[in-house]
file start.txt (compact mmCIF, C-alpha atoms and all ligand atoms)
# COMPACT_ATOMS: atom_id res chain seq x y z
CA MET A 1 -213.55 -214.79 214.68
CA GLN A 2 -217.28 -214.13 214.25
CA THR A 3 -219.01 -211.14 215.88
CA LYS A 4 -222.49 -209.64 216.22
CA TRP A 5 -221.35 -206.41 214.58
CA ASN A 6 -220.45 -205.20 211.15
CA VAL A 7 -216.78 -204.88 211.77
CA THR A 8 -214.51 -202.19 210.48
CA ALA A 9 -211.96 -203.17 213.16
CA ALA A 10 -209.11 -200.80 213.80
CA VAL A 11 -208.77 -200.15 210.10
CA PRO A 12 -209.77 -196.89 208.42
CA LEU A 13 -211.16 -197.09 204.91
CA PRO A 14 -208.26 -197.52 202.53
CA ARG A 15 -207.40 -194.77 200.10
CA ARG A 16 -207.35 -196.46 196.71
CA LEU A 17 -206.27 -195.77 193.17
CA VAL A 18 -207.60 -198.46 190.87
CA TYR A 19 -206.00 -199.70 187.67
CA ASP A 20 -208.80 -200.40 185.24
CA ASN A 21 -207.95 -203.77 183.67
CA GLY A 22 -210.51 -205.59 185.83
CA LEU A 23 -207.97 -208.13 187.14
CA GLY A 24 -206.82 -209.03 190.63
CA LYS A 25 -210.11 -208.62 192.47
CA THR A 26 -208.48 -210.89 195.03
CA PRO A 27 -204.71 -211.46 195.39
CA ILE A 28 -203.41 -213.83 192.74
CA MET A 29 -202.23 -217.32 193.60
CA GLY A 30 -199.86 -219.55 191.70
CA TRP A 31 -196.36 -220.98 191.35
CA SER A 32 -193.07 -219.41 190.28
CA GLY A 33 -189.67 -221.05 189.94
CA TRP A 34 -187.58 -218.08 191.08
CA ASN A 35 -187.16 -218.74 194.83
CA LYS A 36 -186.02 -222.29 194.19
CA TYR A 37 -184.12 -222.21 190.88
CA GLU A 38 -183.25 -218.58 190.23
CA CYS A 39 -181.44 -218.58 186.86
CA LYS A 40 -181.13 -222.36 186.70
CA ILE A 41 -184.60 -222.60 185.18
CA ASN A 42 -185.62 -224.39 181.99
CA GLU A 43 -188.80 -225.53 180.31
CA LYS A 44 -188.59 -229.09 181.65
CA ILE A 45 -188.74 -227.71 185.20
CA VAL A 46 -191.71 -225.50 184.34
CA PHE A 47 -193.66 -228.29 182.62
CA GLY A 48 -192.90 -230.65 185.53
CA ASN A 49 -194.00 -228.19 188.19
CA THR A 50 -197.14 -227.35 186.23
CA ASP A 51 -198.03 -231.05 186.26
CA ALA A 52 -197.22 -231.32 189.96
CA LEU A 53 -199.38 -228.29 190.79
CA VAL A 54 -202.36 -230.04 189.22
CA ARG A 55 -201.46 -233.47 190.64
CA HIS A 56 -201.45 -232.05 194.17
CA GLY A 57 -204.84 -230.40 193.58
CA LEU A 58 -203.38 -226.94 194.23
CA ASP A 59 -205.13 -225.52 191.15
CA GLN A 60 -208.46 -226.47 192.74
CA LEU A 61 -207.57 -224.31 195.74
CA GLY A 62 -206.93 -221.27 193.55
CA TYR A 63 -203.21 -221.56 192.71
CA ASN A 64 -203.75 -221.02 189.02
CA TYR A 65 -200.89 -218.89 187.67
CA VAL A 66 -197.70 -220.62 186.46
CA ILE A 67 -195.01 -217.96 186.33
CA VAL A 68 -191.57 -217.89 184.75
CA ASP A 69 -189.34 -215.21 186.29
CA ASP A 70 -185.98 -213.96 184.96
CA CYS A 71 -183.71 -215.99 182.64
CA TRP A 72 -186.24 -217.26 180.10
CA ALA A 73 -185.22 -214.79 177.38
CA ALA A 74 -182.36 -214.87 174.92
CA TYR A 75 -179.64 -212.28 175.49
CA LYS A 76 -180.58 -210.50 172.28
CA ARG A 77 -183.78 -209.79 170.38
CA ASP A 78 -184.44 -211.44 167.00
CA LYS A 79 -183.72 -209.68 163.70
CA GLN A 80 -187.11 -207.95 163.73
CA GLY A 81 -186.44 -206.64 167.24
CA ASN A 82 -188.78 -209.02 169.06
CA LEU A 83 -188.06 -210.76 172.35
CA LYS A 84 -187.40 -214.46 172.00
CA SER A 85 -186.81 -217.29 174.42
CA HIS A 86 -183.39 -218.74 175.15
CA PRO A 87 -182.74 -221.44 172.52
CA THR A 88 -181.12 -223.95 174.88
CA THR A 89 -183.21 -223.64 178.05
CA PHE A 90 -186.60 -222.79 176.49
CA PRO A 91 -186.34 -224.32 172.98
CA SER A 92 -190.12 -224.79 172.58
CA GLY A 93 -190.73 -221.05 172.99
CA MET A 94 -192.89 -219.31 175.59
CA LYS A 95 -196.13 -219.77 173.67
CA ALA A 96 -195.76 -223.53 174.10
CA LEU A 97 -195.58 -223.08 177.88
CA ALA A 98 -198.56 -220.73 177.91
CA ASP A 99 -200.54 -223.19 175.74
CA TYR A 100 -199.64 -226.00 178.12
CA ALA A 101 -200.77 -224.02 181.17
CA HIS A 102 -204.01 -223.05 179.41
CA SER A 103 -204.65 -226.68 178.43
CA LYS A 104 -204.69 -227.47 182.16
CA GLY A 105 -207.08 -224.62 182.94
CA LEU A 106 -204.24 -222.48 184.33
CA LYS A 107 -202.86 -219.05 183.47
CA PHE A 108 -199.34 -218.17 182.42
CA GLY A 109 -197.03 -215.43 183.71
CA LEU A 110 -193.77 -213.97 182.45
CA TYR A 111 -191.12 -211.52 183.58
CA SER A 112 -189.46 -208.54 181.95
CA ASP A 113 -187.63 -205.42 183.03
CA ALA A 114 -188.28 -201.68 182.85
CA GLY A 115 -184.65 -201.19 181.78
CA ARG A 116 -182.29 -202.32 179.02
CA ARG A 117 -181.48 -205.67 180.62
CA THR A 118 -183.00 -207.96 183.23
CA CYS A 119 -181.68 -208.02 186.80
CA ILE A 120 -179.70 -211.21 187.20
CA GLY A 121 -180.11 -212.83 183.81
CA HIS A 122 -178.83 -209.80 181.88
CA ARG A 123 -181.32 -210.72 179.16
CA ALA A 124 -183.01 -208.15 176.92
CA GLY A 125 -185.28 -205.78 178.90
CA SER A 126 -188.33 -203.90 177.61
CA GLU A 127 -187.38 -200.23 178.07
CA ASP A 128 -188.17 -198.37 174.81
CA HIS A 129 -189.79 -201.56 173.43
CA GLU A 130 -192.92 -201.54 175.58
CA ILE A 131 -195.57 -201.57 172.85
CA ARG A 132 -193.80 -204.24 170.81
CA ASP A 133 -193.18 -206.44 173.84
CA ALA A 134 -196.71 -206.10 175.21
CA LYS A 135 -197.98 -207.27 171.80
CA THR A 136 -195.54 -210.18 171.82
CA PHE A 137 -196.70 -211.22 175.31
CA ALA A 138 -200.33 -211.02 174.24
CA SER A 139 -199.62 -213.09 171.11
CA TRP A 140 -198.00 -215.78 173.24
CA GLY A 141 -201.05 -215.90 175.54
CA VAL A 142 -199.35 -214.34 178.57
CA ASP A 143 -201.76 -213.53 181.42
CA TYR A 144 -199.38 -211.88 183.92
CA LEU A 145 -196.30 -209.70 183.68
CA LYS A 146 -193.81 -209.06 186.48
CA TYR A 147 -191.85 -205.95 185.58
CA ASP A 148 -188.47 -205.49 187.26
CA ASN A 149 -186.29 -202.41 187.74
CA CYS A 150 -182.67 -202.97 186.67
CA PHE A 151 -180.42 -201.20 184.14
CA HIS A 152 -182.78 -198.35 183.34
CA LYS A 153 -181.97 -194.80 182.35
CA LYS A 154 -180.96 -193.26 185.64
CA HIS A 155 -182.79 -189.97 185.29
CA TYR A 156 -186.08 -191.66 184.67
CA TYR A 157 -188.13 -192.33 187.83
CA PRO A 158 -190.19 -195.51 188.35
CA HIS A 159 -193.46 -193.61 188.48
CA LEU A 160 -192.65 -192.42 184.94
CA ARG A 161 -191.28 -195.70 183.53
CA TYR A 162 -193.84 -198.14 184.92
CA PRO A 163 -196.96 -196.51 183.45
CA VAL A 164 -195.52 -196.92 179.93
CA MET A 165 -195.78 -200.71 180.09
CA SER A 166 -199.10 -200.44 181.90
CA GLU A 167 -200.59 -198.57 178.98
CA ALA A 168 -198.96 -200.89 176.44
CA LEU A 169 -200.46 -203.93 178.17
CA ASN A 170 -203.88 -202.32 178.28
CA LYS A 171 -203.69 -201.76 174.54
CA SER A 172 -202.32 -205.23 173.75
CA GLY A 173 -205.76 -206.73 173.27
CA ARG A 174 -205.31 -209.22 176.12
CA PRO A 175 -206.07 -208.73 179.83
CA ILE A 176 -202.67 -209.05 181.51
CA PHE A 177 -202.19 -208.84 185.28
CA TYR A 178 -199.40 -206.31 185.81
CA THR A 179 -197.11 -206.41 188.81
CA ILE A 180 -194.41 -203.87 189.56
CA CYS A 181 -191.12 -204.91 191.11
CA GLU A 182 -189.14 -201.84 192.17
CA TRP A 183 -188.59 -203.19 195.71
CA GLY A 184 -190.62 -200.47 197.41
CA GLU A 185 -187.87 -197.93 196.75
CA ASP A 186 -190.14 -195.13 195.58
CA HIS A 187 -193.06 -196.08 197.83
CA PRO A 188 -195.16 -197.54 195.01
CA ALA A 189 -198.23 -197.96 197.24
CA LEU A 190 -198.62 -194.20 196.88
CA TRP A 191 -198.78 -194.18 193.07
CA ALA A 192 -198.78 -197.68 191.55
CA GLY A 193 -202.44 -198.46 192.20
CA LYS A 194 -203.29 -196.39 189.16
CA TYR A 195 -201.06 -198.45 186.89
CA ALA A 196 -200.74 -201.95 188.26
CA ASN A 197 -202.43 -204.84 190.06
CA SER A 198 -199.68 -205.26 192.65
CA TRP A 199 -196.36 -203.77 193.67
CA ARG A 200 -193.46 -205.07 195.72
CA THR A 201 -193.03 -203.31 199.04
CA SER A 202 -189.45 -204.37 199.79
CA LEU A 203 -186.30 -206.36 199.10
CA ASP A 204 -186.23 -209.94 197.83
CA VAL A 205 -187.57 -212.65 200.11
CA LYS A 206 -185.12 -215.24 201.44
CA ASP A 207 -185.65 -218.62 203.07
CA ARG A 208 -184.72 -217.05 206.42
CA TRP A 209 -186.81 -216.07 209.42
CA ASP A 210 -185.18 -212.66 209.90
CA ARG A 211 -185.96 -211.69 206.29
CA ILE A 212 -189.58 -212.83 206.60
CA GLN A 213 -190.05 -210.51 209.57
CA ILE A 214 -188.51 -207.52 207.79
CA LEU A 215 -190.72 -208.01 204.74
CA ALA A 216 -193.86 -208.34 206.88
CA ASP A 217 -193.06 -205.08 208.73
CA ASP A 218 -192.29 -203.22 205.48
CA ASN A 219 -195.52 -204.41 203.91
CA ASN A 220 -197.58 -203.56 206.98
CA MET A 221 -196.77 -199.86 206.62
CA TRP A 222 -198.76 -199.68 203.39
CA ALA A 223 -201.80 -201.70 204.48
CA ALA A 224 -204.26 -198.88 203.83
CA TYR A 225 -203.39 -198.83 200.13
CA ALA A 226 -204.27 -202.46 199.33
CA GLY A 227 -207.64 -203.52 198.01
CA PRO A 228 -209.44 -205.28 195.15
CA GLY A 229 -207.52 -204.60 191.93
CA GLY A 230 -204.25 -203.49 193.59
CA TRP A 231 -202.21 -205.26 196.30
CA ASN A 232 -199.05 -204.78 198.33
CA ASP A 233 -196.59 -207.54 197.47
CA PRO A 234 -194.05 -208.70 200.09
CA ASP A 235 -192.62 -211.17 197.48
CA MET A 236 -193.16 -214.88 196.86
CA LEU A 237 -193.53 -217.68 199.40
CA GLN A 238 -190.54 -219.68 200.64
CA VAL A 239 -192.55 -222.47 202.30
CA GLY A 240 -190.96 -225.79 201.31
CA ASN A 241 -187.46 -224.59 200.44
CA GLY A 242 -186.09 -226.20 203.57
CA ARG A 243 -184.24 -223.60 205.66
CA MET A 244 -187.05 -222.71 208.08
CA SER A 245 -188.99 -224.83 210.58
CA VAL A 246 -192.59 -225.86 210.00
CA ALA A 247 -193.68 -223.35 212.68
CA GLU A 248 -191.81 -220.57 210.85
CA TYR A 249 -193.30 -221.58 207.51
CA ARG A 250 -196.79 -221.58 209.06
CA SER A 251 -196.22 -218.08 210.41
CA HIS A 252 -194.85 -216.92 207.04
CA PHE A 253 -197.90 -218.33 205.22
CA SER A 254 -200.35 -216.98 207.81
CA ILE A 255 -198.98 -213.45 207.83
CA TRP A 256 -198.75 -213.33 204.02
CA SER A 257 -202.32 -214.57 203.76
CA ILE A 258 -203.84 -212.06 206.14
CA MET A 259 -201.80 -209.22 204.58
CA LYS A 260 -203.63 -210.10 201.34
CA ALA A 261 -200.31 -210.79 199.66
CA PRO A 262 -200.17 -212.64 196.36
CA LEU A 263 -199.75 -216.32 197.32
CA ILE A 264 -197.09 -217.54 194.92
CA ILE A 265 -195.65 -220.91 195.81
CA GLY A 266 -191.87 -220.70 195.50
CA CYS A 267 -190.63 -224.25 195.95
CA GLU A 268 -190.07 -227.45 193.96
CA LEU A 269 -193.52 -229.03 193.70
CA ARG A 270 -192.37 -232.30 192.15
CA LYS A 271 -190.74 -233.32 195.44
CA ILE A 272 -192.51 -231.25 198.11
CA ARG A 273 -192.71 -232.69 201.64
CA GLU A 274 -196.14 -233.49 203.02
CA GLU A 275 -195.90 -231.05 205.96
CA HIS A 276 -195.11 -228.20 203.56
CA LEU A 277 -197.86 -229.13 201.15
CA GLU A 278 -200.32 -229.10 204.06
CA ILE A 279 -199.42 -225.47 204.74
CA TYR A 280 -200.08 -224.44 201.14
CA LYS A 281 -203.34 -226.41 201.22
CA ASN A 282 -204.86 -224.83 204.33
CA LYS A 283 -208.17 -223.94 202.73
CA GLU A 284 -209.46 -221.77 205.56
CA ILE A 285 -206.37 -219.61 205.49
CA ILE A 286 -206.53 -219.34 201.70
CA ASP A 287 -210.14 -218.20 202.10
CA ILE A 288 -208.98 -215.38 204.39
CA ASN A 289 -206.52 -214.27 201.73
CA GLN A 290 -209.21 -214.43 199.07
CA ASP A 291 -211.92 -212.75 201.17
CA PRO A 292 -214.00 -210.50 198.88
CA LEU A 293 -213.69 -207.49 201.18
CA GLY A 294 -209.98 -207.39 200.34
CA ILE A 295 -208.84 -205.43 203.39
CA GLN A 296 -205.25 -206.00 204.47
CA ALA A 297 -204.89 -207.00 208.14
CA ARG A 298 -202.32 -205.01 210.07
CA LYS A 299 -200.37 -204.95 213.27
CA VAL A 300 -202.65 -203.56 215.99
CA SER A 301 -200.62 -204.19 219.13
CA ARG A 302 -197.02 -204.86 220.26
CA GLN A 303 -196.43 -206.23 223.72
CA GLY A 304 -193.61 -207.12 226.12
CA ARG A 305 -190.36 -205.27 226.71
CA CYS A 306 -189.15 -206.45 223.33
CA LYS A 307 -192.36 -205.25 221.66
CA CYS A 308 -192.21 -208.51 219.76
CA ARG A 309 -195.42 -210.17 220.93
CA GLU A 310 -197.80 -208.95 218.34
CA VAL A 311 -201.46 -208.92 217.47
CA TRP A 312 -202.37 -208.50 213.80
CA ALA A 313 -206.00 -208.07 212.80
CA GLY A 314 -208.31 -207.02 210.04
CA PRO A 315 -211.95 -207.19 209.01
CA LEU A 316 -213.39 -209.92 206.79
CA SER A 317 -216.72 -210.24 205.07
CA GLY A 318 -219.64 -211.68 207.05
CA LYS A 319 -219.02 -209.85 210.34
CA ARG A 320 -215.77 -211.68 210.93
CA ILE A 321 -212.30 -210.59 211.96
CA VAL A 322 -209.04 -212.35 211.24
CA LEU A 323 -206.56 -212.30 214.06
CA ALA A 324 -202.96 -213.49 214.25
CA LEU A 325 -201.09 -213.71 217.54
CA TRP A 326 -197.53 -213.52 216.35
CA ASN A 327 -194.89 -214.41 218.90
CA ARG A 328 -191.57 -213.10 217.59
CA ASP A 329 -189.90 -213.66 220.94
CA TRP A 330 -187.54 -216.61 221.50
CA ARG A 331 -189.71 -218.27 224.16
CA ARG A 332 -193.26 -219.26 224.92
CA VAL A 333 -195.24 -216.21 225.96
CA ALA A 334 -198.82 -215.11 226.53
CA ILE A 335 -200.27 -212.51 224.17
CA LYS A 336 -203.28 -210.40 225.18
CA VAL A 337 -205.99 -209.29 222.80
CA ASN A 338 -207.98 -206.17 223.66
CA TRP A 339 -211.42 -205.84 222.15
CA PHE A 340 -210.58 -202.15 221.64
CA ASP A 341 -207.70 -203.01 219.28
CA LEU A 342 -210.11 -205.03 217.19
CA GLY A 343 -212.70 -202.28 217.00
CA LEU A 344 -215.16 -204.26 219.16
CA GLU A 345 -217.47 -202.80 221.79
CA PRO A 346 -216.69 -203.89 225.38
CA GLY A 347 -218.78 -206.88 226.42
CA VAL A 348 -219.32 -208.22 222.91
CA SER A 349 -219.04 -211.98 222.83
CA VAL A 350 -217.40 -213.74 219.92
CA ARG A 351 -216.80 -217.21 218.56
CA VAL A 352 -213.13 -217.94 217.92
CA ARG A 353 -211.72 -220.51 215.57
CA ASP A 354 -208.02 -221.43 215.42
CA LEU A 355 -207.35 -222.04 211.75
CA TRP A 356 -204.38 -224.27 212.47
CA LYS A 357 -206.27 -226.23 215.13
CA VAL A 358 -209.72 -226.44 216.69
CA LEU A 359 -212.82 -224.47 217.54
CA ILE A 360 -212.64 -222.51 220.82
CA ARG A 361 -215.37 -220.52 222.63
CA LEU A 362 -214.65 -217.25 224.50
C1 LIG B 1 -185.00 -208.95 191.19
C2 LIG B 1 -186.37 -209.27 191.76
C3 LIG B 1 -186.50 -210.76 192.02
C4 LIG B 1 -186.23 -211.53 190.75
C5 LIG B 1 -184.87 -211.16 190.20
C6 LIG B 1 -184.63 -211.75 188.83
O1 LIG B 1 -184.01 -209.10 192.13
O2 LIG B 1 -186.58 -208.54 192.93
O3 LIG B 1 -187.79 -211.05 192.52
O4 LIG B 1 -187.24 -211.29 189.81
O5 LIG B 1 -184.73 -209.76 190.06
O6 LIG B 1 -183.39 -211.41 188.30

call {"tool": "encode", "arguments": {"input": "start.txt", "output": "structure tokens"}}
result
Amino acid sequence: MQTKWNVTAAVPLPRRLVYDNGLGKTPIMGWSGWNKYECKINEKIVFGNTDALVRHGLDQLGYNYVIVDDCWAAYKRDKQGNLKSHPTTFPSGMKALADYAHSKGLKFGLYSDAGRRTCIGHRAGSEDHEIRDAKTFASWGVDYLKYDNCFHKKHYYPHLRYPVMSEALNKSGRPIFYTICEWGEDHPALWAGKYANSWRTSLDVKDRWDRIQILADDNNMWAAYAGPGGWNDPDMLQVGNGRMSVAEYRSHFSIWSIMKAPLIIGCELRKIREEHLEIYKNKEIIDINQDPLGIQARKVSRQGRCKCREVWAGPLSGKRIVLALWNRDWRRVAIKVNWFDLGLEPGVSVRVRDLWKVLIRL
């Protein structure tokens, strides 16, 4: 939506704490195997999906991080105490995967844990090995670290454990995007911006409509804390995994995009269906997510007896506003948009463009 005014919409200026590694000026975009494969991941799958990402032209749209989540590591460290990859599933070692991603102009992400062992894989975690592991990641050419929250010393709070790896990464000699995964338990939006480039705001995503709605609502609460350098993370995308309808996947992708969530493709790219690929490739919606202003859109109105006919909105650069009319009811309904909710003066005329359809004039 384009207006005559410089729009601050219904959004106060966010209160920000900024981690100083210079990364994540816009939310990151990429691919991760976790939503599709969980622990059944291996290097063949990662190489294949890296190729498919490029073949589909997704890298050209900004999806440029290839990320390996849990289950890449061996159960134990090597004799010198270093992390190593699992000999059967990742025999080439993680540096080979990073090199491969870099050879395609992409970046490479890995996962570890702020405890003794990783969450589902039960592989070696990084607690008490932060400096050593950060150096190992840097030496392998890692560009991104997701840091999980299982099997840690109980008395030690996340806002004390997570900064340790943050500092270690900053001293590793390589810029590494750092994302915190403590599921929103200790309200990381309030403190993590000083230490990380993004932080999960809730439970794990599932390929289910009810879970998508819960994650969107959880994330929305922290909208004021997102901005260039530090983002709220409602978890990775499920588009393409097959359990939701195309309309539900479009809503999922739209809401994630306007919330300025990291856009991490979470499905099998070697065999993705055309209608799912089209969602990931909606350039105009990606542009909203990557807008340089970096302000997270939020819920500005709830209508109907069910309060489930919603308007979400937020300012964009260039005197524009992004608007989502989100019908969470079970039937077709009308949703009203008040200029007031958008921060517009009465009588202002606007041009409206439906990013899934056509140009409309109001
Ligand atoms: C946690 C995280 C997930 C995933 C798994 C891996 O549950 O929330 O995103 O990384 O661990 O074991």

call {"tool": "residues_near_ligand", "arguments": {"input": "start.txt", "ligand": "ligand LIG 1 (chain B)", "cutoff": "8 Å", "atoms": "all atoms listed in the file", "output": "PyMOL selection string"}}
result
chain A and resi 34+38-39+69-71+111+118-121+146+148-150+181-183+203-205+235-236

call {"tool": "axis_aligned_box", "arguments": {"input": "start.txt", "around": "stretch 135-140 of chain A", "padding_each_side": "3 Å", "output": "lines of an AutoDock Vina configuration file"}}
result
center_x = -197.9
center_y = -211.5
center_z = 173.2
size_x = 10.8
size_y = 14.5
size_z = 10.2

call {"tool": "closest_atom_pairs", "arguments": {"input": "start.txt", "of": "stretch 128-224 of chain A", "to": "stretch 304-324 of chain A", "cutoff": "12 Å", "atoms": "all atoms listed in the file", "output": "tab-separated table"}}
result
residue	atom	partner	partner_atom	distance
A:Gln213	CA	A:Cys308	CA	10.6
A:Ala216	CA	A:Trp312	CA	11.0
A:Asp217	CA	A:Trp312	CA	11.1
A:Asn220	CA	A:Trp312	CA	9.7
A:Ala223	CA	A:Gly314	CA	10.1
A:Ala224	CA	A:Gly314	CA	11.0

call {"tool": "write_last_selection", "arguments": {"input": "start.txt", "atoms": "C-alpha atoms", "output": "PDB file, in the frame of the given file"}}
result
ATOM      1  CA  GLN A 213    -190.050-210.510 209.570  1.00  0.00           C
ATOM      2  CA  ALA A 216    -193.860-208.340 206.880  1.00  0.00           C
ATOM      3  CA  ASP A 217    -193.060-205.080 208.730  1.00  0.00           C
ATOM      4  CA  ASN A 220    -197.580-203.560 206.980  1.00  0.00           C
ATOM      5  CA  ALA A 223    -201.800-201.700 204.480  1.00  0.00           C
ATOM      6  CA  ALA A 224    -204.260-198.880 203.830  1.00  0.00           C
TER       7      ALA A 224
END

call {"tool": "residues_around", "arguments": {"input": "start.txt", "residues": "A:Leu97", "least_positions_apart": "2", "cutoff": "10 Å", "atoms": "only C-alpha atoms", "output": "number ranges by chain"}}
result
A: 43-44, 46-47, 50, 66-68, 90, 92-95, 99-103, 108-109, 140-142

call {"tool": "atom_distance", "arguments": {"input": "start.txt", "atom1": "atom CA of A:Tyr75", "atom2": "atom CA of A:Asp51"}}
result
28.4 Å

call {"tool": "atom_distance", "arguments": {"input": "start.txt", "atom1": "atom CA of A:Glu275", "atom2": "atom CA of A:Gly57"}}
result
15.3 Å

call {"tool": "atom_distance", "arguments": {"input": "start.txt", "atom1": "atom CA of A:Lys171", "atom2": "atom CA of A:Lys107"}}
result
19.5 Å

call {"tool": "closest_residue", "arguments": {"input": "start.txt", "among": "A:Ala124, A:Ala196, A:Leu344, A:Leu269", "to": "A:Asn49", "atoms": "only C-alpha atoms"}}
result
A:Leu269

call {"tool": "closest_residue", "arguments": {"input": "start.txt", "among": "A:Ile131, A:Ala226, A:Ala52, A:Leu190", "to": "A:Gly24", "atoms": "only C-alpha atoms"}}
result
A:Ala226

call {"tool": "residues_around", "arguments": {"input": "start.txt", "residues": "A:Phe253", "least_positions_apart": "2", "cutoff": "12 Å", "atoms": "all atoms listed in the file", "output": "PDB file with C-alpha atoms, in the frame of the given file"}}
result
ATOM      1  CA  ILE A 212    -189.580-212.830 206.600  1.00  0.00           C
ATOM      2  CA  GLN A 213    -190.050-210.510 209.570  1.00  0.00           C
ATOM      3  CA  ALA A 216    -193.860-208.340 206.880  1.00  0.00           C
ATOM      4  CA  PRO A 234    -194.050-208.700 200.090  1.00  0.00           C
ATOM      5  CA  ASP A 235    -192.620-211.170 197.480  1.00  0.00           C
ATOM      6  CA  MET A 236    -193.160-214.880 196.860  1.00  0.00           C
ATOM      7  CA  LEU A 237    -193.530-217.680 199.400  1.00  0.00           C
ATOM      8  CA  GLN A 238    -190.540-219.680 200.640  1.00  0.00           C
ATOM      9  CA  VAL A 239    -192.550-222.470 202.300  1.00  0.00           C
ATOM     10  CA  GLY A 240    -190.960-225.790 201.310  1.00  0.00           C
ATOM     11  CA  VAL A 246    -192.590-225.860 210.000  1.00  0.00           C
ATOM     12  CA  ALA A 247    -193.680-223.350 212.680  1.00  0.00           C
ATOM     13  CA  GLU A 248    -191.810-220.570 210.850  1.00  0.00           C
ATOM     14  CA  TYR A 249    -193.300-221.580 207.510  1.00  0.00           C
ATOM     15  CA  ARG A 250    -196.790-221.580 209.060  1.00  0.00           C
ATOM     16  CA  SER A 251    -196.220-218.080 210.410  1.00  0.00           C
ATOM     17  CA  ILE A 255    -198.980-213.450 207.830  1.00  0.00           C
ATOM     18  CA  TRP A 256    -198.750-213.330 204.020  1.00  0.00           C
ATOM     19  CA  SER A 257    -202.320-214.570 203.760  1.00  0.00           C
ATOM     20  CA  ILE A 258    -203.840-212.060 206.140  1.00  0.00           C
ATOM     21  CA  MET A 259    -201.800-209.220 204.580  1.00  0.00           C
ATOM     22  CA  LYS A 260    -203.630-210.100 201.340  1.00  0.00           C
ATOM     23  CA  ALA A 261    -200.310-210.790 199.660  1.00  0.00           C
ATOM     24  CA  PRO A 262    -200.170-212.640 196.360  1.00  0.00           C
ATOM     25  CA  LEU A 263    -199.750-216.320 197.320  1.00  0.00           C
ATOM     26  CA  ILE A 264    -197.090-217.540 194.920  1.00  0.00           C
ATOM     27  CA  ILE A 265    -195.650-220.910 195.810  1.00  0.00           C
ATOM     28  CA  GLY A 266    -191.870-220.700 195.500  1.00  0.00           C
ATOM     29  CA  HIS A 276    -195.110-228.200 203.560  1.00  0.00           C
ATOM     30  CA  LEU A 277    -197.860-229.130 201.150  1.00  0.00           C
ATOM     31  CA  GLU A 278    -200.320-229.100 204.060  1.00  0.00           C
ATOM     32  CA  ILE A 279    -199.420-225.470 204.740  1.00  0.00           C
ATOM     33  CA  TYR A 280    -200.080-224.440 201.140  1.00  0.00           C
ATOM     34  CA  LYS A 281    -203.340-226.410 201.220  1.00  0.00           C
ATOM     35  CA  ASN A 282    -204.860-224.830 204.330  1.00  0.00           C
ATOM     36  CA  LYS A 283    -208.170-223.940 202.730  1.00  0.00           C
ATOM     37  CA  ILE A 285    -206.370-219.610 205.490  1.00  0.00           C
ATOM     38  CA  ILE A 286    -206.530-219.340 201.700  1.00  0.00           C
ATOM     39  CA  ILE A 288    -208.980-215.380 204.390  1.00  0.00           C
ATOM     40  CA  ASN A 289    -206.520-214.270 201.730  1.00  0.00           C
ATOM     41  CA  ALA A 324    -202.960-213.490 214.250  1.00  0.00           C
ATOM     42  CA  TRP A 356    -204.380-224.270 212.470  1.00  0.00           C
TER      43      TRP A 356
END

call {"tool": "residues_around", "arguments": {"input": "start.txt", "residues": "A:Gly294", "least_positions_apart": "3", "cutoff": "7 Å", "atoms": "all atoms listed in the file", "output": "count of residues only"}}
result
5

call {"tool": "residues_around", "arguments": {"input": "start.txt", "residues": "A:Arg77", "least_positions_apart": "5", "cutoff": "10 Å", "atoms": "all atoms listed in the file", "output": "PDB file with C-alpha atoms, in the frame of the given file"}}
result
ATOM      1  CA  ASN A  82    -188.780-209.020 169.060  1.00  0.00           C
ATOM      2  CA  LEU A  83    -188.060-210.760 172.350  1.00  0.00           C
ATOM      3  CA  LYS A  84    -187.400-214.460 172.000  1.00  0.00           C
ATOM      4  CA  SER A  85    -186.810-217.290 174.420  1.00  0.00           C
ATOM      5  CA  ARG A 123    -181.320-210.720 179.160  1.00  0.00           C
ATOM      6  CA  ALA A 124    -183.010-208.150 176.920  1.00  0.00           C
ATOM      7  CA  GLY A 125    -185.280-205.780 178.900  1.00  0.00           C
TER       8      GLY A 125
END

call {"tool": "closest_residue", "arguments": {"input": "start.txt", "among": "A:Asp186, A:Trp330, A:Glu284, A:Arg116", "to": "A:Lys357", "atoms": "only C-alpha atoms"}}
result
A:Glu284

call {"tool": "closest_residue", "arguments": {"input": "start.txt", "among": "A:Met165, A:Leu106, A:Ile28, A:Ala74", "to": "A:Val54", "atoms": "all atoms listed in the file"}}
result
A:Leu106

call {"tool": "closest_residue", "arguments": {"input": "start.txt", "among": "A:Ser202, A:Asn21, A:Asn64, A:Gln303", "to": "A:Gly229", "atoms": "all atoms listed in the file"}}
result
A:Asn21

call {"tool": "residues_around", "arguments": {"input": "start.txt", "residues": "A:His152", "least_positions_apart": "3", "cutoff": "8 Å", "atoms": "all atoms listed in the file", "output": "PyMOL selection string"}}
result
chain A and resi 114-117+127+149+156

call {"tool": "closest_residue", "arguments": {"input": "start.txt", "among": "A:Gly173, A:Pro292, A:Gly230, A:Pro91", "to": "A:Arg200", "atoms": "all atoms listed in the file"}}
result
A:Gly230

call {"tool": "decode", "arguments": {"input": "start.txt", "residues": "stretch 31-39 of chain A", "atoms": "C-alpha atoms", "output": "CSV table (one decimal), in the first residue's frame"}}
result
chain,number,residue,atom,x,y,z
A,31,TRP,CA,17.4,-23.7,3.6
A,32,SER,CA,17.6,-26.2,6.5
A,33,GLY,CA,16.9,-29.9,6.5
A,34,TRP,CA,15.4,-30.1,10.0
A,35,ASN,CA,11.6,-29.7,9.4
A,36,LYS,CA,11.7,-32.4,6.7
A,37,TYR,CA,14.4,-34.9,7.9
A,38,GLU,CA,15.0,-34.2,11.5
A,39,CYS,CA,17.7,-36.7,12.6
